[in-house]
file entry.cif (mmCIF, C-alpha atoms and all ligand atoms)
data_input
#
loop_
_atom_site.label_atom_id
_atom_site.label_comp_id
_atom_site.auth_asym_id
_atom_site.auth_seq_id
_atom_site.Cartn_x
_atom_site.Cartn_y
_atom_site.Cartn_z
CA MET A 1 -82.84 -101.11 -78.56
CA ASP A 2 -81.18 -98.29 -76.62
CA MET A 3 -83.30 -95.22 -76.11
CA PRO A 4 -82.08 -92.12 -77.88
CA PRO A 5 -80.71 -89.44 -75.57
CA PRO A 6 -83.29 -87.04 -74.19
CA GLU A 7 -83.76 -83.96 -76.32
CA SER A 8 -83.32 -80.66 -74.63
CA ASN A 9 -84.46 -78.37 -77.43
CA ILE A 10 -87.08 -78.68 -80.10
CA GLY A 11 -87.73 -75.70 -82.29
CA ASP A 12 -87.01 -72.46 -80.56
CA ARG A 13 -88.43 -73.46 -77.18
CA PRO A 14 -87.39 -76.14 -74.72
CA ASP A 15 -89.53 -79.24 -75.16
CA ALA A 16 -91.16 -79.16 -71.74
CA SER A 17 -92.01 -75.49 -71.77
CA TRP A 18 -94.77 -75.96 -74.36
CA ALA A 19 -96.43 -78.29 -71.89
CA ASP A 20 -96.39 -75.39 -69.45
CA ASP A 21 -98.59 -73.45 -71.86
CA PHE A 22 -101.34 -76.04 -71.33
CA GLY A 23 -103.07 -77.86 -68.54
CA PRO A 24 -102.90 -78.42 -65.67
CA PHE A 25 -102.98 -82.11 -66.59
CA GLU A 26 -103.26 -83.15 -62.95
CA GLY A 27 -100.33 -85.52 -63.23
CA ARG A 28 -101.79 -87.42 -66.17
CA ILE A 29 -100.24 -87.86 -69.60
CA TRP A 30 -102.65 -87.00 -72.40
CA LEU A 31 -101.67 -88.90 -75.56
CA ASN A 32 -105.09 -88.75 -77.20
CA THR A 33 -105.15 -85.60 -79.30
CA ALA A 34 -106.84 -87.52 -82.12
CA HIS A 35 -109.85 -87.53 -79.78
CA GLN A 36 -109.52 -84.08 -78.13
CA GLY A 37 -106.72 -81.57 -78.16
CA ALA A 38 -105.94 -79.70 -74.95
CA LEU A 39 -106.86 -76.02 -74.74
CA PRO A 40 -103.83 -73.71 -74.38
CA LYS A 41 -103.83 -71.50 -71.29
CA LYS A 42 -103.99 -68.39 -73.47
CA ALA A 43 -107.19 -69.76 -74.98
CA ALA A 44 -108.60 -70.54 -71.55
CA ASP A 45 -107.87 -66.92 -70.57
CA GLU A 46 -109.84 -65.76 -73.57
CA LEU A 47 -112.72 -67.99 -72.56
CA GLU A 48 -112.67 -66.16 -69.22
CA VAL A 49 -113.12 -62.91 -71.11
CA ALA A 50 -116.11 -64.33 -72.98
CA LEU A 51 -117.52 -65.54 -69.69
CA ALA A 52 -117.08 -62.14 -68.08
CA TRP A 53 -118.91 -60.57 -71.03
CA LYS A 54 -121.83 -62.89 -70.59
CA ARG A 55 -121.97 -62.52 -66.83
CA ALA A 56 -122.30 -58.78 -67.32
CA PRO A 57 -123.68 -58.33 -70.85
CA TYR A 58 -123.07 -54.58 -70.90
CA ARG A 59 -119.47 -55.62 -71.51
CA ILE A 60 -120.24 -57.27 -74.87
CA PRO A 61 -119.05 -54.79 -77.52
CA ASP A 62 -121.31 -54.55 -80.58
CA GLU A 63 -118.25 -54.83 -82.83
CA ALA A 64 -117.51 -58.25 -81.36
CA PHE A 65 -120.28 -59.74 -83.50
CA VAL A 66 -118.19 -58.86 -86.55
CA GLU A 67 -114.71 -58.94 -85.03
CA VAL A 68 -114.87 -62.45 -83.58
CA PRO A 69 -115.67 -64.22 -86.88
CA ARG A 70 -113.33 -61.88 -88.80
CA ARG A 71 -110.36 -62.71 -86.59
CA LEU A 72 -111.07 -66.45 -86.67
CA ARG A 73 -111.56 -66.56 -90.43
CA SER A 74 -108.34 -64.73 -91.06
CA LEU A 75 -106.35 -67.06 -88.74
CA LEU A 76 -107.79 -70.13 -90.42
CA ALA A 77 -106.96 -68.72 -93.84
CA ARG A 78 -103.35 -68.21 -92.69
CA LEU A 79 -103.24 -71.73 -91.33
CA VAL A 80 -104.05 -73.35 -94.68
CA GLY A 81 -102.62 -70.75 -97.06
CA GLY A 82 -106.03 -69.61 -98.25
CA HIS A 83 -108.00 -66.36 -98.32
CA PRO A 84 -110.55 -65.44 -95.62
CA ASP A 85 -113.26 -65.39 -98.32
CA GLU A 86 -112.65 -69.12 -98.76
CA ILE A 87 -113.18 -70.08 -95.12
CA VAL A 88 -116.48 -71.43 -93.80
CA LEU A 89 -116.80 -71.23 -90.02
CA GLY A 90 -118.36 -74.37 -88.62
CA ASN A 91 -118.95 -76.39 -85.51
CA SER A 92 -117.46 -79.66 -86.75
CA ALA A 93 -115.86 -81.32 -89.74
CA SER A 94 -119.33 -82.58 -90.58
CA TRP A 95 -120.66 -79.04 -90.96
CA GLY A 96 -118.52 -78.16 -93.99
CA LEU A 97 -118.98 -81.52 -95.66
CA GLN A 98 -122.76 -81.19 -95.40
CA ALA A 99 -122.43 -77.66 -96.77
CA VAL A 100 -120.78 -79.08 -99.89
CA ALA A 101 -123.31 -81.92 -100.08
CA ASN A 102 -126.21 -79.45 -99.83
CA GLY A 103 -124.76 -76.62 -101.91
CA PHE A 104 -123.17 -78.54 -104.78
CA PRO A 105 -124.93 -78.09 -108.15
CA TRP A 106 -125.95 -81.74 -108.55
CA ARG A 107 -127.52 -83.10 -111.68
CA GLU A 108 -129.69 -86.20 -111.87
CA GLY A 109 -127.44 -89.25 -112.19
CA ASP A 110 -124.37 -87.67 -110.54
CA GLU A 111 -122.27 -89.79 -108.29
CA VAL A 112 -120.26 -89.30 -105.09
CA LEU A 113 -117.38 -91.67 -104.42
CA LEU A 114 -116.67 -92.50 -100.79
CA VAL A 115 -114.00 -94.74 -99.33
CA GLU A 116 -114.58 -97.71 -97.05
CA GLY A 117 -112.67 -97.50 -93.80
CA ASP A 118 -113.15 -93.75 -93.47
CA TYR A 119 -114.46 -92.44 -90.17
CA PRO A 120 -118.26 -91.86 -90.09
CA PRO A 121 -118.12 -88.03 -90.29
CA THR A 122 -116.60 -88.39 -93.75
CA ILE A 123 -119.49 -90.60 -94.89
CA HIS A 124 -122.61 -89.28 -93.15
CA PRO A 125 -122.97 -85.84 -94.75
CA TRP A 126 -123.58 -87.43 -98.17
CA LEU A 127 -126.09 -90.06 -97.11
CA LEU A 128 -129.26 -88.13 -97.94
CA LEU A 129 -128.17 -87.34 -101.49
CA PRO A 130 -129.88 -90.36 -103.10
CA GLU A 131 -133.16 -88.52 -102.33
CA ARG A 132 -131.91 -85.90 -104.81
CA GLY A 133 -131.03 -88.42 -107.52
CA VAL A 134 -127.34 -88.63 -106.63
CA THR A 135 -125.76 -92.06 -106.32
CA ILE A 136 -123.31 -92.89 -103.56
CA ARG A 137 -120.67 -95.47 -104.38
CA ARG A 138 -118.16 -96.77 -101.89
CA ILE A 139 -114.82 -98.15 -102.93
CA LYS A 140 -112.59 -100.39 -100.90
CA PRO A 141 -108.88 -99.63 -101.23
CA ALA A 142 -106.67 -102.67 -101.79
CA GLY A 143 -103.99 -101.32 -99.45
CA ALA A 144 -103.91 -99.35 -96.22
CA THR A 145 -104.66 -96.11 -98.01
CA LEU A 146 -106.27 -95.14 -101.31
CA ASP A 147 -103.82 -95.26 -104.19
CA SER A 148 -104.19 -92.69 -106.97
CA GLU A 149 -103.92 -95.17 -109.85
CA GLU A 150 -106.41 -97.41 -108.12
CA LEU A 151 -108.76 -94.46 -107.77
CA ARG A 152 -108.40 -93.72 -111.48
CA THR A 153 -109.95 -97.09 -112.32
CA HIS A 154 -113.00 -96.29 -110.18
CA LEU A 155 -113.80 -92.85 -111.58
CA ARG A 156 -116.69 -92.55 -114.02
CA GLU A 157 -118.01 -89.69 -116.05
CA SER A 158 -120.81 -89.33 -113.54
CA THR A 159 -118.39 -89.00 -110.59
CA ARG A 160 -118.63 -85.37 -109.54
CA VAL A 161 -117.18 -85.60 -106.04
CA VAL A 162 -114.68 -87.85 -104.27
CA CYS A 163 -114.65 -87.47 -100.50
CA THR A 164 -112.17 -89.14 -98.19
CA GLY A 165 -110.01 -88.51 -95.14
CA TRP A 166 -106.55 -86.96 -95.33
CA VAL A 167 -105.23 -88.91 -92.34
CA ASN A 168 -106.82 -92.17 -91.30
CA THR A 169 -108.33 -91.98 -87.81
CA TYR A 170 -107.57 -95.59 -86.99
CA THR A 171 -104.11 -96.13 -88.46
CA GLY A 172 -102.63 -92.70 -89.08
CA TYR A 173 -101.95 -93.40 -92.77
CA VAL A 174 -101.62 -90.17 -94.76
CA LEU A 175 -103.24 -89.89 -98.18
CA ASP A 176 -101.07 -88.78 -101.10
CA VAL A 177 -103.20 -85.65 -101.47
CA GLU A 178 -101.53 -84.20 -104.58
CA ALA A 179 -101.65 -87.48 -106.51
CA ILE A 180 -105.26 -88.18 -105.57
CA ALA A 181 -106.26 -84.60 -106.44
CA ARG A 182 -104.52 -84.87 -109.82
CA VAL A 183 -106.46 -87.99 -110.73
CA CYS A 184 -109.73 -86.38 -109.61
CA ASN A 185 -109.05 -83.19 -111.54
CA ASP A 186 -108.08 -85.17 -114.67
CA ALA A 187 -111.47 -86.86 -114.50
CA GLY A 188 -113.41 -83.66 -113.82
CA ALA A 189 -114.29 -84.73 -110.28
CA ARG A 190 -113.80 -82.60 -107.19
CA LEU A 191 -111.74 -83.89 -104.30
CA ILE A 192 -113.18 -82.96 -100.91
CA LEU A 193 -111.12 -83.97 -97.89
CA ASN A 194 -111.90 -84.49 -94.28
CA GLY A 195 -108.69 -83.00 -92.90
CA THR A 196 -109.51 -83.41 -89.22
CA GLN A 197 -106.65 -85.72 -88.26
CA GLY A 198 -104.08 -83.81 -90.30
CA VAL A 199 -104.67 -80.08 -89.97
CA GLY A 200 -102.56 -78.79 -87.09
CA ALA A 201 -100.26 -81.82 -87.13
CA ILE A 202 -99.04 -81.68 -90.75
CA PRO A 203 -98.52 -78.33 -92.49
CA ILE A 204 -100.54 -77.86 -95.66
CA ASP A 205 -100.84 -75.12 -98.26
CA LEU A 206 -104.24 -75.99 -99.65
CA PRO A 207 -104.35 -73.81 -102.80
CA THR A 208 -101.32 -75.65 -104.20
CA THR A 209 -102.65 -79.17 -103.63
CA GLY A 210 -105.33 -79.45 -106.30
CA VAL A 211 -107.95 -80.18 -103.63
CA SER A 212 -111.33 -78.47 -104.09
CA GLY A 213 -112.31 -78.35 -100.43
CA LEU A 214 -111.21 -79.47 -96.99
CA SER A 215 -113.20 -79.62 -93.80
CA SER A 216 -111.77 -80.12 -90.33
CA SER A 217 -112.79 -80.29 -86.71
CA GLY A 218 -111.18 -77.58 -84.59
CA PHE A 219 -111.00 -79.46 -81.32
CA LYS A 220 -108.25 -81.97 -82.00
CA TRP A 221 -104.88 -80.88 -83.45
CA LEU A 222 -106.07 -77.27 -83.54
CA CYS A 223 -106.61 -77.26 -79.77
CA GLY A 224 -109.97 -75.48 -79.86
CA PRO A 225 -113.04 -76.14 -77.72
CA TYR A 226 -115.38 -78.96 -78.71
CA ALA A 227 -117.91 -77.98 -81.40
CA THR A 228 -115.52 -75.94 -83.51
CA GLY A 229 -114.58 -76.61 -87.12
CA PHE A 230 -113.91 -74.95 -90.44
CA THR A 231 -113.88 -75.62 -94.15
CA TRP A 232 -111.73 -74.22 -96.92
CA LEU A 233 -113.40 -74.07 -100.33
CA ARG A 234 -111.50 -73.27 -103.50
CA GLN A 235 -112.82 -70.21 -105.31
CA ASP A 236 -113.98 -72.12 -108.39
CA LEU A 237 -116.00 -74.54 -106.27
CA LEU A 238 -117.43 -71.66 -104.26
CA ALA A 239 -118.50 -69.97 -107.47
CA GLU A 240 -120.48 -73.08 -108.43
CA MET A 241 -122.11 -73.72 -105.09
CA ARG A 242 -125.65 -72.62 -104.28
CA PRO A 243 -126.39 -71.17 -100.87
CA PHE A 244 -129.10 -73.12 -99.06
CA GLN A 245 -129.41 -70.83 -96.06
CA SER A 246 -129.67 -67.13 -95.36
CA TYR A 247 -128.36 -65.63 -92.11
CA TRP A 248 -128.95 -62.09 -90.92
CA LEU A 249 -125.36 -61.75 -89.61
CA ALA A 250 -123.67 -63.12 -92.73
CA LEU A 251 -121.78 -59.95 -93.64
CA PRO A 252 -118.64 -59.09 -95.59
CA ASP A 253 -115.71 -58.63 -93.21
CA GLU A 254 -115.39 -54.92 -93.97
CA THR A 255 -119.01 -54.23 -92.96
CA SER A 256 -119.60 -52.64 -89.60
CA LEU A 257 -122.57 -54.01 -87.75
CA ASP A 258 -125.68 -51.89 -87.46
CA LEU A 259 -127.95 -53.42 -84.87
CA ASN A 260 -130.42 -50.64 -85.48
CA LEU A 261 -131.41 -52.45 -88.64
CA GLY A 262 -133.88 -50.95 -90.99
CA GLY A 263 -135.00 -51.86 -94.47
CA GLU A 264 -135.93 -55.09 -96.09
CA PRO A 265 -133.94 -58.25 -95.16
CA ARG A 266 -132.16 -59.50 -98.27
CA VAL A 267 -130.09 -62.56 -99.05
CA ALA A 268 -126.48 -61.37 -98.81
CA GLU A 269 -124.49 -61.52 -102.03
CA GLY A 270 -120.78 -61.57 -102.68
CA ILE A 271 -119.89 -62.88 -99.23
CA GLY A 272 -117.86 -65.86 -100.44
CA ALA A 273 -117.67 -68.83 -98.12
CA ARG A 274 -119.49 -66.88 -95.38
CA ALA A 275 -122.71 -67.90 -97.12
CA PHE A 276 -122.15 -71.38 -95.67
CA ASP A 277 -121.12 -70.44 -92.10
CA VAL A 278 -122.78 -72.13 -89.18
CA PHE A 279 -125.18 -69.64 -87.60
CA GLY A 280 -123.96 -67.86 -84.49
CA THR A 281 -120.65 -66.85 -86.04
CA ALA A 282 -119.76 -64.74 -83.00
CA ASN A 283 -120.03 -67.81 -80.79
CA PHE A 284 -118.00 -66.12 -78.05
CA PHE A 285 -117.47 -69.14 -75.81
CA ASN A 286 -116.08 -71.29 -78.60
CA PHE A 287 -114.68 -68.99 -81.25
CA MET A 288 -112.79 -66.59 -78.97
CA PRO A 289 -110.71 -69.30 -77.26
CA TRP A 290 -110.28 -71.14 -80.55
CA ALA A 291 -108.91 -68.00 -82.20
CA ALA A 292 -106.51 -67.57 -79.27
CA ALA A 293 -105.44 -71.21 -79.62
CA LEU A 294 -104.79 -70.70 -83.34
CA GLU A 295 -102.79 -67.54 -82.68
CA TYR A 296 -100.73 -69.50 -80.21
CA LEU A 297 -100.11 -72.40 -82.62
CA LEU A 298 -99.27 -70.07 -85.49
CA SER A 299 -96.86 -68.13 -83.27
CA ILE A 300 -94.90 -71.34 -82.76
CA GLY A 301 -95.21 -72.34 -86.42
CA MET A 302 -96.96 -75.34 -87.92
CA LYS A 303 -93.70 -76.85 -89.19
CA VAL A 304 -92.08 -76.60 -85.76
CA ILE A 305 -95.12 -78.29 -84.21
CA ALA A 306 -95.13 -81.03 -86.87
CA ASP A 307 -91.42 -81.69 -86.32
CA HIS A 308 -91.97 -81.91 -82.59
CA ASP A 309 -94.86 -84.37 -83.02
CA GLN A 310 -92.81 -86.47 -85.43
CA ARG A 311 -89.88 -86.64 -83.01
CA LEU A 312 -92.25 -88.01 -80.40
CA VAL A 313 -93.52 -90.58 -82.89
CA ASP A 314 -89.90 -91.56 -83.67
CA ARG A 315 -89.19 -91.89 -79.98
CA LEU A 316 -92.15 -94.24 -79.58
CA ARG A 317 -91.20 -96.32 -82.61
CA ASP A 318 -87.63 -96.68 -81.36
CA GLY A 319 -88.77 -97.60 -77.87
CA LEU A 320 -91.34 -100.14 -79.00
CA ASP A 321 -88.95 -102.97 -79.84
CA ALA A 322 -88.53 -103.95 -76.23
CA THR A 323 -92.26 -104.03 -75.52
CA GLY A 324 -93.73 -106.84 -77.62
CA TYR A 325 -96.21 -104.42 -79.17
CA GLN A 326 -96.47 -104.21 -82.90
CA TRP A 327 -96.35 -100.98 -84.89
CA VAL A 328 -99.38 -101.27 -87.18
CA GLY A 329 -99.27 -98.05 -89.19
CA PRO A 330 -96.72 -96.58 -91.59
CA GLY A 331 -93.13 -96.32 -90.38
CA GLU A 332 -92.03 -93.12 -92.07
CA ALA A 333 -93.21 -89.86 -93.63
CA PRO A 334 -94.87 -89.03 -95.98
CA LEU A 335 -97.27 -91.86 -95.12
CA ARG A 336 -96.90 -91.36 -91.38
CA SER A 337 -98.83 -88.82 -89.30
CA SER A 338 -98.99 -88.03 -85.59
CA ILE A 339 -101.41 -90.92 -85.09
CA VAL A 340 -99.80 -94.25 -84.21
CA ALA A 341 -101.63 -97.59 -84.01
CA LEU A 342 -100.15 -100.34 -81.84
CA SER A 343 -101.30 -103.86 -81.21
CA ARG A 344 -100.47 -106.86 -79.16
CA GLY A 345 -103.01 -109.45 -80.20
CA ASP A 346 -106.74 -109.03 -80.40
CA SER A 347 -109.01 -106.14 -79.53
CA ASP A 348 -109.72 -107.45 -76.01
CA THR A 349 -106.01 -107.64 -75.19
CA ASN A 350 -105.47 -104.15 -76.54
CA ALA A 351 -108.48 -102.88 -74.58
CA LYS A 352 -106.89 -104.23 -71.41
CA THR A 353 -103.68 -102.38 -72.18
CA VAL A 354 -105.59 -99.14 -72.74
CA ALA A 355 -107.34 -99.62 -69.40
CA GLU A 356 -104.07 -100.48 -67.67
CA LEU A 357 -102.41 -97.38 -69.10
CA ALA A 358 -105.34 -95.25 -67.96
CA GLY A 359 -104.99 -96.75 -64.49
CA ARG A 360 -101.39 -95.57 -64.51
CA GLY A 361 -102.30 -92.06 -65.61
CA ILE A 362 -101.59 -92.41 -69.35
CA ASP A 363 -104.49 -91.70 -71.68
CA VAL A 364 -104.52 -93.28 -75.14
CA ALA A 365 -107.49 -94.62 -77.12
CA LEU A 366 -108.83 -97.92 -78.37
CA ARG A 367 -109.81 -97.45 -82.02
CA GLY A 368 -110.48 -100.20 -84.53
CA GLY A 369 -109.43 -102.69 -81.84
CA ARG A 370 -105.93 -101.20 -81.63
CA ILE A 371 -104.15 -98.90 -79.25
CA ARG A 372 -104.06 -95.43 -80.73
CA VAL A 373 -101.43 -93.00 -79.49
CA SER A 374 -101.58 -89.41 -80.71
CA PRO A 375 -98.98 -87.06 -79.18
CA HIS A 376 -98.98 -83.32 -79.76
CA LEU A 377 -97.31 -80.10 -78.74
CA TYR A 378 -97.91 -80.44 -75.01
CA ASN A 379 -96.30 -83.88 -74.88
CA SER A 380 -92.61 -84.44 -74.29
CA VAL A 381 -90.14 -87.27 -74.77
CA ARG A 382 -90.66 -87.99 -71.09
CA ASP A 383 -94.33 -88.72 -71.78
CA ILE A 384 -93.37 -91.16 -74.53
CA ASP A 385 -90.76 -92.80 -72.31
CA ALA A 386 -93.35 -93.21 -69.57
CA LEU A 387 -95.70 -94.87 -72.06
CA VAL A 388 -92.98 -97.21 -73.29
CA ALA A 389 -92.04 -98.11 -69.71
CA VAL A 390 -95.62 -99.19 -68.97
CA LEU A 391 -95.96 -101.05 -72.28
CA ARG A 392 -92.87 -103.06 -71.32
CA GLN A 393 -94.70 -104.39 -68.27
CA THR A 394 -98.16 -104.72 -69.83
CA PRO A 395 -100.17 -106.91 -69.84
CA SER A 396 -99.09 -107.09 -66.21
CA THR A 397 -100.29 -110.68 -65.91
CA GLY A 398 -99.17 -113.53 -68.12
CA VAL A 399 -96.20 -111.78 -69.74
C1 LIG B 401 -111.49 -88.09 -89.31
C2 LIG B 401 -112.42 -87.46 -88.31
N1 LIG B 401 -113.30 -86.55 -88.72
C3 LIG B 401 -114.13 -85.94 -87.89
C4 LIG B 401 -114.14 -86.25 -86.55
C5 LIG B 401 -115.11 -85.52 -85.69
O1 LIG B 401 -116.21 -85.11 -86.47
P1 LIG B 401 -117.04 -83.80 -86.24
O2 LIG B 401 -116.09 -82.66 -86.12
O3 LIG B 401 -117.86 -83.70 -87.46
O4 LIG B 401 -117.84 -84.03 -85.02
C6 LIG B 401 -113.25 -87.21 -86.07
C7 LIG B 401 -113.16 -87.64 -84.67
O5 LIG B 401 -113.99 -87.50 -83.85
C8 LIG B 401 -112.37 -87.82 -86.98
O6 LIG B 401 -111.47 -88.72 -86.57
#

call {"tool": "encode", "arguments": {"input": "entry.cif", "output": "structure tokens"}}
result
Amino acid sequence: MDMPPPESNIGDRPDASWADDFGPFEGRIWLNTAHQGALPKKAADELEVALAWKRAPYRIPDEAFVEVPRRLRSLLARLVGGHPDEIVLGNSASWGLQAVANGFPWREGDEVLLVEGDYPPTIHPWLLLPERGVTIRRIKPAGATLDSEELRTHLRESTRVVCTGWVNTYTGYVLDVEAIARVCNDAGARLILNGTQGVGAIPIDLPTTGVSGLSSSGFKWLCGPYATGFTWLRQDLLAEMRPFQSYWLALPDETSLDLNLGGEPRVAEGIGARAFDVFGTANFFNFMPWAAALEYLLSIGMKVIADHDQRLVDRLRDGLDATGYQWVGPGEAPLRSSIVALSRGDSDTNAKTVAELAGRGIDVALRGGRIRVSPHLYNSVRDIDALVAVLRQTPSTGV
């Protein structure tokens, strides 16, 4: 198949100029955002500020202990269409899922439904619940992704929570969030999503989806440092949840910090989702650059970024015909994400291709025995064309 003509403009900025906002990539092509997103230069600059503060601590303003989490929470709320009071600041996707697991008002005999094939962070946070009398049941979807009518047949009166991934880490399949949420809500169960592989790549307005909560890593499609994450919790779920921790810096956003603390320490009330924040909410090294990265992404617009990513996925799909590699995941939206799984035989063959690509300066991943390609904002059609060109010649022996 002929390659489509190169695009010169995507969104309101030339394709290649977003790449200039990142890196340097040292001549390599990073097509592995599903593992780690690259940090924008503006975010790296902000990390320098945090570093300067810590090198000379007299520079650390007292207000920063309140300002840093306030700014981050408000950006994350904007990102998902929520309110800052609904945002838990975390260090991972796992953090927020364990917060729900630990703070949910369980009753003896309750059940959590999990889905086979989900990535371990979606499963692990629930695993200690049997010690509290809660049953964990895993269901195996018949198809590539969980179908809402199929889910309906699995729900029981005792099912209080269903937790699954929005976008599949291995294949890129996108869950029909609204349909799944509807079935859960009909049955009186809460849908909690691991949104890690979707947030930042697919726009979402969480309050309109019917989902009760979503947790996400911050270091993939949201381009933050490693060990960042957040969770959005719907107000009615928040109202039911029981705090299981008390943190001296868990303060309402409008509070100014008084480090000259007097009086009796008390468990903070009326602080919304802040009650579940990871401690160290003014984590300067991580949260300052992450906030800058989010400001940068939001300034471009999540829809513009999603369209850009999807054009790169289209480019790869169109170029693949000539390569002998098979497109494993979904062909089109709404099932398709910015994660693409390719295969040419068994896991060993695919592993060789991944190694060969790495040797030629193109970084993709081997996941579930397949080649996973996950392009984002800093990639261009030229990156995809370079990948396709190598795939055409790979394996370099025997083909
Ligand atoms: C679906 C999914 N969730 C979560 C993670 C990371 O988990 P955490 O942020 O809890 O370390 C990954 C990838 O590493 C992932 O693919």

call {"tool": "residues_around", "arguments": {"input": "entry.cif", "residues": "Trp126 in chain A", "least_positions_apart": "6", "cutoff": "8 Å", "atoms": "only C-alpha atoms", "output": "ChimeraX atom specification"}}
result
/A:97-98,101,112,136

call {"tool": "atom_distance", "arguments": {"input": "entry.cif", "atom1": "CA of Leu222 in chain A", "atom2": "CA of Asp314 in chain A"}}
result
21.6 Å

call {"tool": "axis_aligned_box", "arguments": {"input": "entry.cif", "around": "ligand LIG 401 (chain B)", "padding_each_side": "4 Å", "output": "AutoDock Vina command-line options"}}
result
--center_x -114.7 --center_y -85.7 --center_z -86.6 --size_x 14.4 --size_y 14.1 --size_z 13.5

call {"tool": "residues_around", "arguments": {"input": "entry.cif", "residues": "range 168-171 of chain A", "least_positions_apart": "6", "cutoff": "12 Å", "atoms": "all atoms listed in the file", "output": "mmCIF file with C-alpha atoms, keeping the file's coordinate frame"}}
result
data_model
loop_
_atom_site.group_PDB
_atom_site.id
_atom_site.type_symbol
_atom_site.label_atom_id
_atom_site.label_comp_id
_atom_site.auth_asym_id
_atom_site.auth_seq_id
_atom_site.Cartn_x
_atom_site.Cartn_y
_atom_site.Cartn_z
ATOM 1 C CA ASN A 32 -105.090 -88.750 -77.200
ATOM 2 C CA THR A 33 -105.150 -85.600 -79.300
ATOM 3 C CA ALA A 34 -106.840 -87.520 -82.120
ATOM 4 C CA HIS A 35 -109.850 -87.530 -79.780
ATOM 5 C CA VAL A 115 -114.000 -94.740 -99.330
ATOM 6 C CA GLU A 116 -114.580 -97.710 -97.050
ATOM 7 C CA GLY A 117 -112.670 -97.500 -93.800
ATOM 8 C CA ASP A 118 -113.150 -93.750 -93.470
ATOM 9 C CA TYR A 119 -114.460 -92.440 -90.170
ATOM 10 C CA PRO A 120 -118.260 -91.860 -90.090
ATOM 11 C CA PRO A 121 -118.120 -88.030 -90.290
ATOM 12 C CA THR A 122 -116.600 -88.390 -93.750
ATOM 13 C CA ALA A 144 -103.910 -99.350 -96.220
ATOM 14 C CA THR A 145 -104.660 -96.110 -98.010
ATOM 15 C CA LEU A 146 -106.270 -95.140 -101.310
ATOM 16 C CA LEU A 193 -111.120 -83.970 -97.890
ATOM 17 C CA ASN A 194 -111.900 -84.490 -94.280
ATOM 18 C CA GLY A 195 -108.690 -83.000 -92.900
ATOM 19 C CA THR A 196 -109.510 -83.410 -89.220
ATOM 20 C CA GLN A 197 -106.650 -85.720 -88.260
ATOM 21 C CA GLY A 198 -104.080 -83.810 -90.300
ATOM 22 C CA LYS A 220 -108.250 -81.970 -82.000
ATOM 23 C CA TRP A 327 -96.350 -100.980 -84.890
ATOM 24 C CA VAL A 328 -99.380 -101.270 -87.180
ATOM 25 C CA GLY A 329 -99.270 -98.050 -89.190
ATOM 26 C CA PRO A 330 -96.720 -96.580 -91.590
ATOM 27 C CA GLY A 331 -93.130 -96.320 -90.380
ATOM 28 C CA LEU A 335 -97.270 -91.860 -95.120
ATOM 29 C CA ARG A 336 -96.900 -91.360 -91.380
ATOM 30 C CA SER A 337 -98.830 -88.820 -89.300
ATOM 31 C CA SER A 338 -98.990 -88.030 -85.590
ATOM 32 C CA ILE A 339 -101.410 -90.920 -85.090
ATOM 33 C CA VAL A 340 -99.800 -94.250 -84.210
ATOM 34 C CA ALA A 341 -101.630 -97.590 -84.010
ATOM 35 C CA LEU A 342 -100.150 -100.340 -81.840
ATOM 36 C CA SER A 343 -101.300 -103.860 -81.210
ATOM 37 C CA ALA A 365 -107.490 -94.620 -77.120
ATOM 38 C CA LEU A 366 -108.830 -97.920 -78.370
ATOM 39 C CA ARG A 367 -109.810 -97.450 -82.020
ATOM 40 C CA GLY A 368 -110.480 -100.200 -84.530
ATOM 41 C CA GLY A 369 -109.430 -102.690 -81.840
ATOM 42 C CA ARG A 370 -105.930 -101.200 -81.630
ATOM 43 C CA ILE A 371 -104.150 -98.900 -79.250
ATOM 44 C CA ARG A 372 -104.060 -95.430 -80.730
ATOM 45 C CA VAL A 373 -101.430 -93.000 -79.490
ATOM 46 C CA SER A 374 -101.580 -89.410 -80.710
#

call {"tool": "atom_distance", "arguments": {"input": "entry.cif", "atom1": "CA of Arg156 in chain A", "atom2": "CA of Val88 in chain A"}}
result
29.2 Å

call {"tool": "closest_residue", "arguments": {"input": "entry.cif", "among": "A:Ala322, A:Leu357, A:Val267, A:Ala227", "to": "ligand LIG 401 (chain B)", "atoms": "all atoms listed in the file"}}
result
A:Ala227

call {"tool": "residues_around", "arguments": {"input": "entry.cif", "residues": "Leu31 in chain A", "least_positions_apart": "2", "cutoff": "8 Å", "atoms": "all atoms listed in the file", "output": "PyMOL selection string"}}
result
chain A and resi 29+33+362-364+373-376+379

call {"tool": "residues_around", "arguments": {"input": "entry.cif", "residues": "Ala64 in chain A", "least_positions_apart": "4", "cutoff": "8 Å", "atoms": "all atoms listed in the file", "output": "list of chain:residue names"}}
result
A:Ile60, A:Val68, A:Ala282
